[in-house]
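All remarks here apply to the structure that follows.
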Amino acid sequence: MSDRTPSASVPSVPTPVSPDRPGSATPAPEGQRSRFPLDTVYQAARMYYLEDATQNEIATRLGVSRPTVSRLVSEARRSGLVRIEVVDPFQDETVALAERLQVVLGLQAVHLAAVTHTATLGVDLAEPVAAAVEGMRLAPGDAVLMSSGSTVHAIAHGAMPAMPGVQLVPTVGGQADPNQWFQTNEITRAAAERSGAIPTFLFAQALPSEALRASLDEDPAFQHVVGLWSRAKGAILGIGAPVVTRDAMARGLPVDDDVFDRATGDVCLNFTGPDGEPIEFPGSDRMVRTSREVLAAVPHAVGVAVGAVKVPSIISAVRGRLVNELVTDAATARALLDALA
């Protein structure tokens, strides 16, 4: 253990005395019993955190070894005698940035992470996603839509807040997609597992044949999912990057069609141009996707996207009324404001 740690507070506690042995440690809660007398743990923590004493100094004053001091300080933190607080130095700036972007984009809400990294994206977005979900004011039985994409995949596996009894519903087909980012049932299942929600599954390809699409429209299970789309209270929607920048697309899409060169992004496979205008292609009429009209009617349609490459995609999604709230990071927010200026 190093000789210094982040700032901490040590609650003032009286010297604990057991009825049976004066000066002995008060029993800790079950599963948290200490190997040391509680008064010794407290004194070590107080000297270390409040008096700024070194571990060598504490060892001399308490008459113990330096390794024992290290264990005493660790025990103080484990048992709750020391409360560590890590303060976000960018909090005020991030809040002001979110408020400014909300006004400029005309959104209901913007929730920002101070920083994000590709390797920890799900964890980094946990707080803003939780804030967005809290704003939905969900109750058991409400429906929340989940789209596909790498960002939503990361959120589903690491950033889902508690949503007990809420129904999570996939928004696009993708049952047989080889890319995990487009396996919407798996994304929904993972999100439900972490949030306590109830998953609903969509057993369909993103772009089925005409005959298969006709049979889906007659299928009661498919009709149930479509019905949930129409009454959803919220949605967590990945905003796809411009098609020309992507390494992968949902299986079955005619990626060689020149029409995709104009696509600045998509939400639930609803592809859009720079001003949010729809971009259609051969077969788009039979796509298994939540429609633009349905997305526009969702009370809390939260778009999630991070990175400078997503700036035109976010603007397009907002202009096309595919999202009405946004979760991103501070760097992307600044890039958006620069682009809009």
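Ligands are numbered from 1 in the order shown, residues from 1 within each chain, and chains are lettered A, B, ... in the order they appear in the structure tokens.
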Practice problem: For range 187-197 of chain A, work out the shell of residues within 12 Å, counting only C-alpha atoms and skipping chain neighbours fewer than 5 positions away, then give it as a PyMOL selection string. | Solution: chain A and resi 122+126+130+133+138-175+179-182+202+235-238
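Minimum atom-to-atom distance to Leu253 in chain A, evaluated using only C-alpha atoms, belongs to A:Ala206 out of A:Leu228, A:Ala206, A:Val41, A:Leu337.
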Quiz item: What gap, in Å, lies between CA of Leu336 in chain A and CA of Leu105 in chain A?
Solution: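 Calculated distance between CA of Leu336 in chain A and CA of Leu105 in chain A is 9.1 Å.
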Quiz item: What's the 12 Å shell around Val244 in chain A, counting only C-alpha atoms, without same-chain residues fewer than 4 positions away, as a ChimeraX atom specification?
Solution: /A:240,248-249,255-265,309,313
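Each of A:Thr332, A:Asn185, A:Gln223, A:Thr272 was compared to Val311 in chain A using only C-alpha atoms, and A:Thr332 turns out to be the nearest.
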Quiz item: What is the CA of Trp229 in chain A-CA of Gln205 in chain A distance in Å, reported with one decimal?
Solution: 17.1 Å
Exercise. Could you check how far CA of Phe201 in chain A sits from CA of Glu186 in chain A, in Å to one decimal?
Key: 8.8 Å
Practice problem: Would you list, as a list in words, the residues of range 195-298 of chain A that end up in alpha helix (DSSP H) under DSSP run on this structure's backbone? | Solution: Ser195, Glu210, Ala211, Leu212, Arg213, Ala214, Ser215, Leu216, Asp217, Pro220, Ala221, Phe222, Gln223, His224, Val225, Val226, Gly227, Leu228, Trp229, Ser230, Arg292, Glu293, Val294, Leu295, Ala296 and Ala297 of chain A
Quiz item: Taking into account only C-alpha atoms, which residue in the set A:Ile314, A:Leu121, A:Ala341, A:Val323 is nearest to Gln108 in chain A?
Solution: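 Distance minimum relative to Gln108 in chain A lands on A:Val323.
Once Arg319 in chain A and its same-chain neighbours fewer than 2 positions away are set aside, Asp275, Gly276, Ile315, Ser316, Ala317 and Arg321 of chain A remain within 7 Å of it when counting only C-alpha atoms.
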Self-check item: Which of range 163-303 of chain A fall in strand (DSSP E or B), as number ranges by chain
Solution: A: 167-170, 172, 198-199, 234-239, 265-267, 270-272, 278, 289, 300-303
